[in-house]
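Worksheet: the structure to be examined is printed underneath.
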Amino acid sequence: MNIPREFIELLLAKVDVVDLINTHIPLRKKSGSNYFARCPFHNEKSASFSVSQPKQFYYCFGCGAHGNAIDFMIQHDRLNFPEAVEALARLAGMEVPRDATAVKKNDALPGLHELMTKAADCYYDQMRKTKRAIDYLKQRGISGAITKQFQLGYAPAGWAYLNDQLGKTETEKKQLAEIGLIIKKNEGQGYYDRFRDRIMFPIHDYRGRLIGFGGRILDQGEPKYLNSPETPLFQKGHELYGLYQAQKQNRNLDRVILVEGYMDVIALFQHGITYAVATLGTATTTHHLERLFRYTSELIFCFDGDEAGRTAAWRALQVIFPMMNDTLQVKFLFLPDGEDPDSLVRKEDKTAFEQRFETALSLSTFFFQTLGKQSDLNTMEGRARFAASALGHIKQLPPELFQSILLNELSKRARIDLAELKSQLKSNDDTDSNVIVFTKEAAKGKAPTSLKLALALLVQQPSLANELSEALPPSQLPGYPLLLKLIEIIQQNPHINTGTLMEYWRGQKEEPTIAKLAQMEHLIPESGLKNEFLGAIRKLFGLSLNAGIDRLLAKAAQEDLSEEEKQELSRWIAKKKEDNNNQ
Ligand SMILES: [Zn+2]
């Protein structure tokens, strides 16, 4: 769904972040234009959570949570971006514009959800009437309470049960087919049931709406598990089985365990481990993880201990790596041969099963262990290969502590000097000239202080861009394109504030940089902001001029400059002289 930027800007202009947050947590005025409160995102006794009205931006000095009104909805109500926009629009009495086809499709969805629920009722009803199904659940040790809680059902044998029950008219048949419950016959007329003689597991989305089914065969037969196909309601790569039940059961999901099948989720749940979820027959995707990390900061992947399990775990690690940050904890639990969570939790009790989490491999241990097996660390060549492949992964991490820790560990394991690894890492990310690294070591040779200051002041007080009297010269400085882009946006929207400005980079690689700039403390008093900003810009002007002159002079030493370049060079030299005289 594409929401027009103009709408988002209108919405952010209409919603006041202070009012919005105040309806969730009481804010009190403390200093200047900032309001303070106890942070809703971490446990604390003092008030570290600040909200700025002019910036339309909140920031926690304790845990670093930050953002605009949309981010608050995302973090506080655990919504994704379109959902957050939708929720804010409702509060503001606005309607989110969408293109015509999307509207049509969405209008039909409530009806389809309802049909799904009717189907689940039918299957539940059949289960209670079918001794074979009840016996099966009993034999698998599933209690009546759990059957009810997860709405387990039974799809009878035969080809036309559901079709007869719910597909009375052609429209109803079409809808049933649209949500994947019946299938149109290849030849001739009519439809037949997709799920036959199976135990049915209704699949809910995170809001508890029914979106699909998984069906398991009772005896022998193929396929053992059958899922709903992809439909307007159901996208496998997005949904997690059990998440709805887990969040209903637990006020806070301190941790989540990710397992393979429905039966694992249900068995764990019945044994008191009510925080397990399963992917639906697909490998873990970024969508799954993004959804999960809105609920929890500790994730335990559970895999078979065999080769296939290790391969799947490595694949999951690669998905998760670019998303890792210092607040997340990820572990890999490998089960003993021939066991799955379902079988294991029945043999052990809750406590014994949870104790296994203590011995689970941390992300970093599993990472180095797996890469270490691929190279011979006793030879220099092997260690070089090991380091190169590890660096390839480590560079995807945000420049936070976790990255430093992995680099340190790599240095020890590969017996390569830490400084050398760091410079390799840096040379790798030079291509991203707009991603400014804020660690102290990386600051050298990166964006100059004056540029960083100019960027921070602009992000925090965008109106400063309106003080610029002339266009900035071209420059190769890292971070410079970002400065030009900021100025361009602000000059087109002279009244834009920090919170709205940040929307231009949502989901882009520069987003973390912009967020850091918005929070950077500069200790410049309000009255001195303009002078500091113009001073920083003047310095940049000088730096860019010098760099430009040097580049052309160096070129002139090698070859003849074009007429254009000559003119440019003399213009820059004159400009430099003029600037020097002015100082
Ligand atoms: Zn906080």
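Within each chain, counting starts at residue 1; across the structure tokens, chains are named A, B, ... in the order shown, with ligands numbered 1 upward in that order.
Selection of all polymer residues within 12 Å of ligand 1 on the basis of only C-alpha atoms and all ligand atoms gives Phe36, Ala37, Arg38, Cys39, Pro40, Phe41, His42, Asn43, Glu44, Lys45, Ser46, Ala47, Ser48, Phe49, Ser50, Val51, Tyr58, Tyr59, Cys60, Phe61, Gly62, Cys63, Gly64, Ala65, His66, Gln75, His76 and Thr327 of chain A.
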Worksheet item: Can you list every residue in segment 304-368 of chain A that DSSP puts in alpha helix (DSSP H), as number ranges by chain?
Response: A: 307-320, 341-347, 350-359, 363-368
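Residue nearest Asp193 of chain A, chosen from A:Pro54, A:Gly158, A:Gly32, A:Gly281 and counting only C-alpha atoms: A:Gly158.
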Practice prompt. Give the answer as one residue: which of A:Gln149, A:Gln396, A:Thr282, A:Ser389 has the shortest atom-to-atom distance to Ala414 of chain A, using only C-alpha atoms?
Written response: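 Among A:Gln149, A:Gln396, A:Thr282, A:Ser389, it is A:Ser389 that comes nearest to Ala414 of chain A.
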Practice prompt. Tell me, in Å to one decimal, how far atom CA of Asp135 of chain A is from atom CA of Leu280 of chain A.
Written response: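 We find that atom CA of Asp135 of chain A and atom CA of Leu280 of chain A lie 25.3 Å from each other.
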Discussion item. Need the shell around segment 382-388 of chain A: protein/DNA/RNA residues with any atom at most 10 Å away, counting only C-alpha atoms. Skip same-chain ones fewer than 3 positions apart. Format as a list in words?
Written reply: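 Once the adjacent positions are removed, what remains is Phe368, Leu371, Gly372, Lys373, Gln374, Ser375, Asp376, Leu377, Asn378, Thr379, Leu391, Gly392, His393, Ile394, Leu407, Leu410, Ser411, Arg413, Ala414, Arg415, Ile416, Leu421, Gln424 and Leu425 of chain A.
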Worksheet item: To one decimal place, how far is atom CA of Met380 of chain A from atom CA of Gln403 of chain A in Å?
Response: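 It comes out at 23.7 Å.
The closest residue to Asn497 of chain A, picked from A:Gln53, A:Gln151, A:Asn466, A:Asn227 and counting only C-alpha atoms, is A:Gln53.
We find atom CA of Ala536 of chain A and atom CA of Leu483 of chain A to be spaced 11.9 Å apart.
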Worksheet item: With distances taken over only C-alpha atoms, which of A:Glu86, A:Asp77, A:Asp205, A:Glu409 is nearest to Ile8 of chain A?
Response: A:Glu86
Practice prompt. Enumerate the residues of segment 262-301 of chain A with a DSSP assignment of strand (DSSP E), computed from the backbone, and present them as a PyMOL selection string.
Written response: chain A and resi 276-279+298-301
Worksheet entry | Shell of 12 Å around Phe269 of chain A, only C-alpha atoms, local chain residues under 4 positions omitted, as a ChimeraX atom specification | /A:142-143,145-147,149-150,242-243,245-246,249-250,256-257,259,262-265,273-277,341-342,345-346,349-350
Worksheet item: For Arg5 of chain A, which of A:Ser423, A:Thr130, A:Thr500, A:Gln355 is the closest residue, counting only C-alpha atoms?
Response: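 Using only C-alpha atoms, the shortest distance to Arg5 of chain A belongs to A:Thr500.
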